[in-house]
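**Q** You'll find target24.txt just under this line, and it carries compact mmCIF, C-alpha atoms (C1' of nucleotides).
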```
# COMPACT_ATOMS: atom_id res chain seq x y z
CA MET C 1 49.28 -1.31 -7.43
CA SER C 2 47.71 -0.92 -4.01
CA THR C 3 47.19 2.51 -2.50
CA PRO C 4 49.09 2.78 0.75
CA THR C 5 46.74 3.20 3.70
CA ARG C 6 47.25 6.65 5.16
CA ARG C 7 46.45 7.75 8.63
CA PRO C 8 43.05 9.44 8.66
CA ARG C 9 42.85 13.02 9.85
CA ALA C 10 42.02 13.38 13.53
CA ASP C 11 38.67 15.12 12.93
CA ALA C 12 37.65 12.36 10.51
CA THR C 13 38.26 9.71 13.16
CA ARG C 14 36.31 11.69 15.71
CA ASN C 15 33.40 12.34 13.33
CA ARG C 16 33.18 8.69 12.36
CA ALA C 17 32.95 7.66 16.01
CA ALA C 18 30.36 10.35 16.75
CA LEU C 19 28.28 9.22 13.77
CA LEU C 20 28.34 5.60 14.90
CA ALA C 21 27.28 6.54 18.42
CA ALA C 22 24.47 8.77 17.20
CA ALA C 23 23.31 6.14 14.71
CA ASP C 24 23.23 3.43 17.37
CA ASP C 25 21.00 5.64 19.52
CA ALA C 26 18.71 6.52 16.63
CA PHE C 27 18.42 2.96 15.28
CA ALA C 28 17.80 1.55 18.74
CA ALA C 29 15.03 4.09 19.29
CA ASP C 30 13.41 4.27 15.84
CA GLY C 31 14.61 1.16 14.01
CA ALA C 32 17.06 0.70 11.16
CA GLY C 33 15.05 3.15 9.05
CA ALA C 34 15.60 6.11 11.40
CA SER C 35 16.22 9.57 9.94
CA LEU C 36 19.80 10.08 8.73
CA SER C 37 19.43 13.86 9.09
CA ALA C 38 18.73 13.28 12.76
CA VAL C 39 21.79 11.02 13.02
CA ALA C 40 24.03 13.70 11.51
CA ALA C 41 22.53 16.33 13.80
CA GLY C 42 23.00 14.06 16.80
CA ALA C 43 26.64 13.63 15.87
CA GLY C 44 27.07 17.41 15.50
CA VAL C 45 28.09 17.00 11.88
CA ALA C 46 26.76 18.14 8.50
CA ILE C 47 24.73 15.69 6.45
CA GLY C 48 27.44 15.53 3.77
CA THR C 49 29.91 14.20 6.32
CA LEU C 50 27.62 11.31 7.12
CA TYR C 51 27.44 10.40 3.45
CA LYS C 52 31.21 10.74 3.07
CA HIS C 53 31.83 8.19 5.82
CA PHE C 54 28.87 5.93 5.05
CA PRO C 55 27.70 6.18 1.43
CA THR C 56 24.61 4.08 2.12
CA ARG C 57 22.40 3.29 5.08
CA ARG C 58 23.47 -0.30 4.64
CA ALA C 59 27.14 0.67 5.13
CA LEU C 60 26.27 2.45 8.37
CA VAL C 61 24.26 -0.49 9.68
CA GLY C 62 27.02 -2.88 8.62
CA ALA C 63 29.65 -0.88 10.49
CA LEU C 64 27.48 -0.78 13.61
CA LEU C 65 26.87 -4.52 13.54
CA ALA C 66 30.50 -5.49 12.84
CA GLU C 67 31.53 -5.82 16.49
CA ARG C 68 28.29 -7.47 17.51
CA HIS C 69 28.69 -10.02 14.74
CA ASP C 70 32.27 -10.77 15.72
CA ALA C 71 31.13 -11.42 19.29
CA LEU C 72 28.17 -13.53 18.18
CA PHE C 73 30.21 -15.68 15.81
CA ALA C 74 33.05 -16.11 18.30
CA ARG C 75 30.86 -17.82 20.87
CA ALA C 76 28.98 -19.94 18.30
CA GLU C 77 31.70 -22.60 18.25
CA GLY C 78 30.32 -25.98 19.26
CA VAL C 79 26.94 -24.64 20.33
CA ASP C 80 23.81 -26.68 19.56
CA LEU C 81 21.25 -25.71 16.94
CA ALA C 82 18.50 -24.56 19.32
CA THR C 83 20.86 -22.24 21.15
CA TRP C 84 22.28 -20.83 17.91
CA LEU C 85 18.79 -20.03 16.61
CA ARG C 86 17.85 -18.34 19.88
CA TRP C 87 21.02 -16.24 19.78
CA VAL C 88 20.44 -15.11 16.22
CA ALA C 89 16.84 -14.18 17.04
CA GLU C 90 18.03 -12.23 20.06
CA HIS C 91 20.67 -10.49 17.94
CA ALA C 92 18.13 -9.49 15.29
CA ALA C 93 16.21 -7.60 17.95
CA THR C 94 19.05 -5.06 18.21
CA TYR C 95 17.29 -2.71 15.78
CA ARG C 96 13.75 -2.96 14.45
CA GLY C 97 13.96 -3.99 10.78
CA LEU C 98 17.19 -5.91 11.23
CA ALA C 99 15.53 -9.32 10.85
CA GLU C 100 14.27 -8.35 7.40
CA LEU C 101 17.67 -6.97 6.36
CA ILE C 102 19.50 -10.15 7.37
CA ALA C 103 16.81 -12.42 5.92
CA SER C 104 16.97 -10.75 2.52
CA ASP C 105 20.75 -10.99 2.47
CA LEU C 106 20.72 -14.67 3.48
CA HIS C 107 18.14 -15.40 0.85
CA ALA C 108 19.77 -13.34 -1.92
CA PRO C 109 23.38 -12.58 -0.91
CA ASP C 110 24.51 -9.06 -1.79
CA GLU C 111 27.15 -9.08 -4.54
CA ALA C 112 28.57 -5.73 -3.44
CA GLY C 113 30.91 -7.54 -1.08
CA ASP C 114 30.51 -5.14 1.83
CA ARG C 115 30.90 -5.91 5.49
CA LEU C 116 27.26 -6.81 6.06
CA ALA C 117 27.29 -9.26 3.15
CA ALA C 118 30.44 -10.90 4.51
CA ASP C 119 28.86 -11.21 7.96
CA CYS C 120 25.71 -12.75 6.53
CA ALA C 121 27.84 -15.26 4.63
CA ARG C 122 29.58 -16.18 7.89
CA MET C 123 26.20 -16.53 9.56
CA ALA C 124 25.05 -18.85 6.79
CA ALA C 125 28.22 -20.94 7.13
CA ILE C 126 27.81 -21.31 10.88
CA THR C 127 24.18 -22.28 10.42
CA GLU C 128 25.13 -24.93 7.88
CA ARG C 129 27.83 -26.34 10.16
CA THR C 130 25.49 -26.37 13.14
CA VAL C 131 22.75 -28.09 11.14
CA GLY C 132 25.32 -30.70 10.09
CA ALA C 133 26.06 -31.47 13.72
CA ALA C 134 22.37 -31.75 14.63
CA ASP C 135 20.21 -34.88 14.45
CA LEU C 136 17.40 -34.04 12.04
CA ARG C 137 14.97 -35.85 9.75
CA ALA C 138 16.47 -36.70 6.38
CA ASP C 139 13.98 -34.53 4.47
CA VAL C 140 14.88 -31.35 6.38
CA THR C 141 17.11 -29.01 4.37
CA VAL C 142 19.50 -26.29 5.50
CA ASP C 143 17.14 -23.84 3.77
CA ASP C 144 14.33 -25.01 6.05
CA VAL C 145 16.44 -24.15 9.07
CA VAL C 146 17.44 -20.75 7.63
CA THR C 147 13.75 -20.07 7.06
CA LEU C 148 13.04 -20.92 10.70
CA MET C 149 15.96 -18.76 11.85
CA ASN C 150 14.66 -15.74 9.92
CA ALA C 151 11.08 -16.32 11.01
CA ALA C 152 12.15 -16.62 14.65
CA ALA C 153 14.21 -13.42 14.38
CA TRP C 154 11.22 -11.55 12.98
CA THR C 155 8.93 -13.05 15.64
CA ARG C 156 11.41 -11.91 18.31
CA GLU C 157 11.15 -8.39 16.92
CA GLN C 158 7.37 -8.35 16.70
CA GLN C 159 6.28 -10.37 19.70
CA GLY C 160 9.19 -10.81 22.05
CA ALA C 161 11.57 -13.51 23.18
CA GLU C 162 9.04 -15.98 24.58
CA ALA C 163 7.06 -16.30 21.36
CA ALA C 164 10.29 -16.69 19.37
CA ASP C 165 11.70 -19.33 21.72
CA ARG C 166 8.49 -21.34 21.59
CA LEU C 167 8.44 -21.22 17.80
CA ILE C 168 12.03 -22.46 17.70
CA ALA C 169 11.38 -25.28 20.15
CA THR C 170 8.21 -26.46 18.44
CA THR C 171 9.61 -26.34 14.92
CA LEU C 172 12.81 -28.13 15.93
CA ARG C 173 10.67 -30.88 17.44
CA GLY C 174 8.95 -31.18 14.05
CA MET C 175 12.39 -31.49 12.45
CA SER C 176 13.68 -34.20 14.76
CA PRO C 177 13.65 -37.81 13.51
CA MET Z 1 -30.37 10.61 17.63
CA SER Z 2 -28.81 8.90 14.59
CA THR Z 3 -27.92 10.92 11.52
CA PRO Z 4 -29.87 9.63 8.53
CA THR Z 5 -27.57 8.14 5.88
CA ARG Z 6 -27.75 10.30 2.79
CA ARG Z 7 -26.95 9.32 -0.73
CA PRO Z 8 -23.38 10.40 -1.50
CA ARG Z 9 -22.85 12.79 -4.38
CA ALA Z 10 -22.07 11.06 -7.66
CA ASP Z 11 -18.56 12.50 -7.96
CA ALA Z 12 -17.75 11.31 -4.44
CA THR Z 13 -18.72 7.73 -5.32
CA ARG Z 14 -16.64 7.89 -8.49
CA ASN Z 15 -13.62 9.37 -6.70
CA ARG Z 16 -13.75 6.76 -3.98
CA ALA Z 17 -13.73 3.96 -6.54
CA ALA Z 18 -10.90 5.59 -8.50
CA LEU Z 19 -8.85 5.96 -5.30
CA LEU Z 20 -9.34 2.31 -4.39
CA ALA Z 21 -8.28 1.17 -7.85
CA ALA Z 22 -5.22 3.40 -7.89
CA ALA Z 23 -4.27 2.35 -4.35
CA ASP Z 24 -4.56 -1.33 -5.21
CA ASP Z 25 -2.16 -0.83 -8.13
CA ALA Z 26 0.29 1.20 -6.05
CA PHE Z 27 0.24 -1.14 -3.04
CA ALA Z 28 0.62 -4.22 -5.25
CA ALA Z 29 3.62 -2.64 -6.95
CA ASP Z 30 5.34 -0.86 -4.05
CA GLY Z 31 3.89 -2.44 -0.92
CA ALA Z 32 1.47 -1.07 1.67
CA GLY Z 33 3.80 1.90 2.26
CA ALA Z 34 3.47 3.22 -1.29
CA SER Z 35 3.24 6.98 -1.87
CA LEU Z 36 -0.21 8.43 -1.21
CA SER Z 37 0.53 11.39 -3.47
CA ALA Z 38 1.07 8.91 -6.28
CA VAL Z 39 -2.21 7.20 -5.42
CA ALA Z 40 -4.12 10.49 -5.59
CA ALA Z 41 -2.41 11.36 -8.87
CA GLY Z 42 -3.20 7.91 -10.25
CA ALA Z 43 -6.85 8.42 -9.34
CA GLY Z 44 -6.88 11.85 -11.01
CA VAL Z 45 -7.83 13.51 -7.74
CA ALA Z 46 -6.28 16.10 -5.41
CA ILE Z 47 -4.47 14.87 -2.32
CA GLY Z 48 -7.08 16.44 -0.04
CA THR Z 49 -9.77 14.25 -1.60
CA LEU Z 50 -7.80 11.14 -0.70
CA TYR Z 51 -7.62 12.26 2.92
CA LYS Z 52 -11.31 13.14 2.94
CA HIS Z 53 -12.28 9.62 1.90
CA PHE Z 54 -9.56 7.78 3.83
CA PRO Z 55 -8.25 9.77 6.83
CA THR Z 56 -5.41 7.30 7.44
CA ARG Z 57 -3.37 4.86 5.38
CA ARG Z 58 -4.83 2.16 7.58
CA ALA Z 59 -8.37 3.10 6.55
CA LEU Z 60 -7.40 2.83 2.89
CA VAL Z 61 -5.75 -0.55 3.36
CA GLY Z 62 -8.71 -1.73 5.43
CA ALA Z 63 -11.17 -0.74 2.71
CA LEU Z 64 -9.10 -2.50 0.06
CA LEU Z 65 -8.89 -5.70 2.08
CA ALA Z 66 -12.56 -5.78 3.08
CA GLU Z 67 -13.73 -7.82 0.09
CA ARG Z 68 -10.72 -10.11 0.19
CA HIS Z 69 -11.30 -10.78 3.87
CA ASP Z 70 -14.96 -11.56 3.30
CA ALA Z 71 -14.00 -14.08 0.63
CA LEU Z 72 -11.26 -15.61 2.78
CA PHE Z 73 -13.45 -15.97 5.85
CA ALA Z 74 -16.39 -17.32 3.86
CA ARG Z 75 -14.45 -20.34 2.62
CA ALA Z 76 -12.74 -21.00 5.97
CA GLU Z 77 -15.72 -22.93 7.31
CA GLY Z 78 -14.72 -26.48 8.26
CA VAL Z 79 -11.27 -26.26 6.76
CA ASP Z 80 -8.35 -27.94 8.57
CA LEU Z 81 -5.63 -26.00 10.38
CA ALA Z 82 -2.83 -26.56 7.85
CA THR Z 83 -5.01 -25.30 5.01
CA TRP Z 84 -6.16 -22.27 6.99
CA LEU Z 85 -2.58 -21.28 7.79
CA ARG Z 86 -1.56 -21.66 4.14
CA TRP Z 87 -4.48 -19.50 3.05
CA VAL Z 88 -3.68 -16.72 5.50
CA ALA Z 89 -0.03 -16.75 4.43
CA GLU Z 90 -1.11 -16.55 0.79
CA HIS Z 91 -3.49 -13.70 1.62
CA ALA Z 92 -0.77 -11.73 3.43
CA ALA Z 93 1.26 -11.74 0.23
CA THR Z 94 -1.30 -9.41 -1.39
CA TYR Z 95 0.76 -6.34 -0.48
CA ARG Z 96 4.29 -6.23 0.88
CA GLY Z 97 4.09 -5.17 4.52
CA LEU Z 98 0.67 -6.69 5.06
CA ALA Z 99 1.98 -9.56 7.22
CA GLU Z 100 3.42 -7.07 9.69
CA LEU Z 101 0.23 -5.00 9.75
CA ILE Z 102 -1.95 -8.02 10.49
CA ALA Z 103 0.52 -9.48 12.99
CA SER Z 104 0.65 -6.29 15.03
CA ASP Z 105 -3.14 -6.05 15.09
CA LEU Z 106 -3.55 -9.69 16.12
CA HIS Z 107 -0.97 -9.22 18.86
CA ALA Z 108 -2.27 -5.85 20.08
CA PRO Z 109 -5.81 -5.34 18.71
CA ASP Z 110 -6.54 -1.79 17.59
CA GLU Z 111 -9.08 -0.10 19.85
CA ALA Z 112 -10.19 2.33 17.15
CA GLY Z 113 -12.76 -0.19 16.00
CA ASP Z 114 -12.21 0.28 12.30
CA ARG Z 115 -12.81 -2.24 9.56
CA LEU Z 116 -9.28 -3.67 9.66
CA ALA Z 117 -9.49 -4.23 13.42
CA ALA Z 118 -12.83 -6.00 13.01
CA ASP Z 119 -11.40 -8.22 10.28
CA CYS Z 120 -8.39 -9.12 12.40
CA ALA Z 121 -10.71 -10.03 15.24
CA ARG Z 122 -12.64 -12.32 12.90
CA MET Z 123 -9.37 -13.84 11.74
CA ALA Z 124 -8.39 -14.50 15.35
CA ALA Z 125 -11.77 -16.10 16.07
CA ILE Z 126 -11.51 -18.42 13.07
CA THR Z 127 -7.99 -19.39 14.08
CA GLU Z 128 -9.13 -20.21 17.58
CA ARG Z 129 -12.04 -22.29 16.30
CA THR Z 130 -9.80 -24.14 13.84
CA VAL Z 131 -7.21 -24.83 16.51
CA GLY Z 132 -9.98 -26.22 18.69
CA ALA Z 133 -10.91 -28.70 15.99
CA ALA Z 134 -7.30 -29.81 15.45
CA ASP Z 135 -5.50 -32.60 17.30
CA LEU Z 136 -2.54 -30.92 19.00
CA ARG Z 137 -0.26 -31.53 21.97
CA ALA Z 138 -1.72 -30.33 25.26
CA ASP Z 139 1.04 -27.76 25.82
CA VAL Z 140 0.41 -25.96 22.51
CA THR Z 141 -1.49 -22.70 22.94
CA VAL Z 142 -3.61 -20.71 20.50
CA ASP Z 143 -0.94 -18.00 20.76
CA ASP Z 144 1.65 -20.47 19.51
CA VAL Z 145 -0.46 -21.09 16.42
CA VAL Z 146 -1.05 -17.37 15.87
CA THR Z 147 2.72 -16.87 16.08
CA LEU Z 148 3.21 -19.56 13.45
CA MET Z 149 0.52 -18.02 11.26
CA ASN Z 150 2.18 -14.61 11.38
CA ALA Z 151 5.65 -16.05 10.85
CA ALA Z 152 4.43 -18.08 7.87
CA ALA Z 153 2.74 -15.00 6.38
CA TRP Z 154 5.95 -13.02 6.68
CA THR Z 155 7.98 -15.91 5.25
CA ARG Z 156 5.56 -16.09 2.32
CA GLU Z 157 6.22 -12.40 1.67
CA GLN Z 158 9.99 -12.66 1.96
CA GLN Z 159 10.78 -16.05 0.49
CA GLY Z 160 7.77 -17.33 -1.38
CA ALA Z 161 5.08 -19.96 -1.00
CA GLU Z 162 7.31 -23.05 -0.84
CA ALA Z 163 9.33 -21.83 2.14
CA ALA Z 164 6.14 -20.80 3.95
CA ASP Z 165 4.39 -24.11 3.26
CA ARG Z 166 7.37 -26.11 4.51
CA LEU Z 167 7.54 -24.01 7.69
CA ILE Z 168 3.85 -24.63 8.33
CA ALA Z 169 4.12 -28.37 7.71
CA THR Z 170 7.20 -28.81 9.88
CA THR Z 171 5.93 -26.73 12.77
CA LEU Z 172 2.53 -28.44 12.75
CA ARG Z 173 4.34 -31.78 12.96
CA GLY Z 174 6.10 -30.46 16.04
CA MET Z 175 2.70 -29.49 17.46
CA SER Z 176 1.06 -32.86 16.88
CA PRO Z 177 0.77 -35.26 19.84
C1' DA M 1 41.73 15.31 2.85
C1' DC M 2 37.84 16.42 4.78
C1' DC M 3 33.81 19.29 6.02
C1' DT M 4 29.84 22.41 5.14
C1' DG M 5 25.32 23.40 3.84
C1' DA M 6 22.55 24.91 -0.04
C1' DA M 7 19.98 22.72 -3.63
C1' DC M 8 16.90 19.46 -5.59
C1' DA M 9 13.33 16.16 -5.62
C1' DC M 10 10.38 13.93 -3.05
C1' DC M 11 6.67 12.80 0.80
C1' DG M 12 2.72 13.15 4.62
C1' DT M 13 -0.77 16.02 6.39
C1' DT M 14 -3.70 20.08 7.10
C1' DC M 15 -6.84 23.56 5.94
C1' DA M 16 -8.67 27.88 3.74
C1' DA M 17 -10.87 28.75 -0.35
C1' DG M 18 -13.65 27.46 -3.87
C1' DT M 19 -17.93 25.14 -6.47
C1' DA L 1 -21.28 18.24 0.39
C1' DC L 2 -17.34 17.76 -1.74
C1' DC L 3 -13.06 19.12 -4.15
C1' DT L 4 -8.77 21.79 -4.92
C1' DG L 5 -4.16 22.86 -4.19
C1' DA L 6 -1.11 25.84 -1.58
C1' DA L 7 1.33 25.58 2.72
C1' DC L 8 4.11 23.51 6.17
C1' DA L 9 7.30 20.33 8.03
C1' DC L 10 9.94 16.79 7.09
C1' DC L 11 13.34 13.44 4.51
C1' DG L 12 17.20 11.35 1.21
C1' DT L 13 20.94 12.47 -1.70
C1' DT L 14 24.23 15.22 -4.34
C1' DC L 15 27.76 18.43 -5.08
C1' DA L 16 30.12 23.04 -5.43
C1' DA L 17 32.52 25.68 -2.32
C1' DG L 18 35.28 26.10 1.42
C1' DT L 19 39.35 25.07 5.01
```
Please re-express this file's structure in structure tokens.
**A**
Amino acid sequence: MSTPTRRPRADATRNRAALLAAADDAFAADGAGASLSAVAAGAGVAIGTLYKHFPTRRALVGALLAERHDALFARAEGVDLATWLRWVAEHAATYRGLAELIASDLHAPDEAGDRLAADCARMAAITERTVGAADLRADVTVDDVVTLMNAAAWTREQQGAEAADRLIATTLRGMSP
Amino acid sequence: MSTPTRRPRADATRNRAALLAAADDAFAADGAGASLSAVAAGAGVAIGTLYKHFPTRRALVGALLAERHDALFARAEGVDLATWLRWVAEHAATYRGLAELIASDLHAPDEAGDRLAADCARMAAITERTVGAADLRADVTVDDVVTLMNAAAWTREQQGAEAADRLIATTLRGMSP
DNA sequence: ACCTGAACACCGTTCAAGT
DNA sequence: ACCTGAACACCGTTCAAGT
């Protein structure tokens, strides 16, 4: 029943790579809401080609974050909660608007089953595991920690790393027994 | 040297009121980034009239919030820090995107000297006064509390009142001596 | 199998012309 | 003194036509 995976045409491979590179530049400069026309132009490709490769902005962002997420999750093994929260906040600063995107997916997981949704599910699982290994007050829920993680990521975006780190440290103190 | 204030023409007064009403509807429904064309249409007025009355989106938002801010600041007298933070978070939920607007102004005050900037300055002053009256650890700064206030406002927008209230309560516990 | 770019529907902002 | 709406420059998204 499954369609055999065929080798993509050489120009398709090249265009996809050029689109990702141009999108990374544009998102880094203007945030995750940057102009897609500009991305296509930057990649030297027609706008229709961008939509062929990435039907939605979300798909493009998800593809760009895939490697970063793999790297982030790979080094999360055995790390303590404070460090994990700082890393996620730092990660969310990759593109302006990313904190909101991740927060909304963590809060209401996307049913579409795309790459970004899968990554957010992995992020939620790691957070839950890390919370389990931490020593916290009995009335603190995993949701409370996810809320702090999202808030710290947004604070990192708006006000920088120091403000985010201080929020994490102070709130975790309030969560300790 | 000062220009005498003249009575505005009757149609101007009416149009201004219609624009504010239409903008409140649009911003409540679609957030503070809602279409200004739609606002003008909703007010039964040409787009140029909107720009005449409110040269920037910020001016329109500032005019809409003026009354709300007056009410909020009026009842802030003598209130404790936890309550003040909950009120600001609740207020920021008026329009989607408002938390970010206020946070950026508190962090980097607008020099333009418009109504919104003045209101944010008042908000900062009340926060400082309320922090002064609270019993907090010596290493907690006013900036830390402003960070929490902004984060709670954004959390209120994204995840609702319960998540925001729990973040405030937990973080304040971490700030207490 | 993939790419192009015109087409459509929108939006923000300005400004000459009206009354 | 104020209002109108055309004009301009942009953007997202689709889809027929090409190779």
**Q** (14.7, -12.5, 13.4) in this file's frame - what residues fall within 7 Å of it? Use all atoms listed in the file and give the answer as a PDB file with C-alpha atoms, in the frame of the given file.
**A**
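Once written, out.pdb looks like this:
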```pdb
ATOM      1  CA  VAL C  88      20.440 -15.110  16.220  1.00  0.00           C
ATOM      2  CA  ALA C  89      16.840 -14.180  17.040  1.00  0.00           C
ATOM      3  CA  ALA C  92      18.130  -9.490  15.290  1.00  0.00           C
ATOM      4  CA  ALA C  93      16.210  -7.600  17.950  1.00  0.00           C
ATOM      5  CA  ALA C  99      15.530  -9.320  10.850  1.00  0.00           C
ATOM      6  CA  MET C 149      15.960 -18.760  11.850  1.00  0.00           C
ATOM      7  CA  ASN C 150      14.660 -15.740   9.920  1.00  0.00           C
ATOM      8  CA  ALA C 151      11.080 -16.320  11.010  1.00  0.00           C
ATOM      9  CA  ALA C 152      12.150 -16.620  14.650  1.00  0.00           C
ATOM     10  CA  ALA C 153      14.210 -13.420  14.380  1.00  0.00           C
ATOM     11  CA  TRP C 154      11.220 -11.550  12.980  1.00  0.00           C
ATOM     12  CA  THR C 155       8.930 -13.050  15.640  1.00  0.00           C
ATOM     13  CA  ARG C 156      11.410 -11.910  18.310  1.00  0.00           C
ATOM     14  CA  GLU C 157      11.150  -8.390  16.920  1.00  0.00           C
TER      15      GLU C 157
END
```
**Q** With only C-alpha atoms (C1' of nucleotides) as the counted atoms, please give the residues lying no more than 12 Å from DA6 in chain M, apart from itself and same-chain residues fewer than 2 positions off, as a ChimeraX atom specification.
**A** /C:46-48 /M:4,8 /L:14-17
**Q** Write out, as a short mmCIF file (atom, residue, chain, number, x, y, z; two decimals), in the coordinates of the input, the residues just selected, with C-alpha atoms (C1' of nucleotides).
**A**
```cif
data_model
loop_
_atom_site.label_atom_id
_atom_site.label_comp_id
_atom_site.auth_asym_id
_atom_site.auth_seq_id
_atom_site.Cartn_x
_atom_site.Cartn_y
_atom_site.Cartn_z
CA ALA C 46 26.76 18.14 8.50
CA ILE C 47 24.73 15.69 6.45
CA GLY C 48 27.44 15.53 3.77
"C1'" DT M 4 29.84 22.41 5.14
"C1'" DC M 8 16.90 19.46 -5.59
"C1'" DT L 14 24.23 15.22 -4.34
"C1'" DC L 15 27.76 18.43 -5.08
"C1'" DA L 16 30.12 23.04 -5.43
"C1'" DA L 17 32.52 25.68 -2.32
#
```
**Q** Measuring between only C-alpha atoms, which one of Z:Gln159, Z:Ile126, Z:Cys120, Z:Leu65 shows the shortest distance to Leu106 in chain C?
**A** Z:Gln159
**Q** Can you work out which residues from chain C touch chain L at a cut-off of 9 Å (counting all atoms listed in the file) and hand them back as a list of chain:residue names?
**A**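 Residues satisfying the distance criterion: C:Ser35, C:Leu36, C:Ser37, C:Gly48, C:Tyr51.
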**Q** Determine the nearest neighbour of chain Z from the options C:Ile168, C:Val39, C:Leu81, C:Ala22, counting only C-alpha atoms.
**A**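 Going through C:Ile168, C:Val39, C:Leu81, C:Ala22 one by one, the smallest distance to chain Z is for C:Ile168.
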**Q** Is there a way to get, as a VMD selection string, all residues within 12 Å of the point (23.6, -25.0, 8.2) in file coordinates, counting all atoms listed in the file?
**A** chain C and resid 80 to 81 84 to 85 106 121 to 134 136 140 to 149
**Q** Return as a list in words the residues belonging to chain C that are within 6 Å of chain Z, counting all atoms listed in the file.
**A**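 Residues passing the distance filter: Ala151, Thr170, Thr171, Arg173 and Gly174 of chain C.
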**Q** For CA of Ala28 in chain C and CA of His91 in chain C, determine how far apart the two atoms are, in Å to one decimal place.
**A** 12.4 Å
**Q** Could you tell me how far CA of Ala118 in chain Z lies from CA of Thr49 in chain Z, in Å and to one decimal?
**A**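 So the two atoms, CA of Ala118 in chain Z and CA of Thr49 in chain Z, lie 25.2 Å apart.
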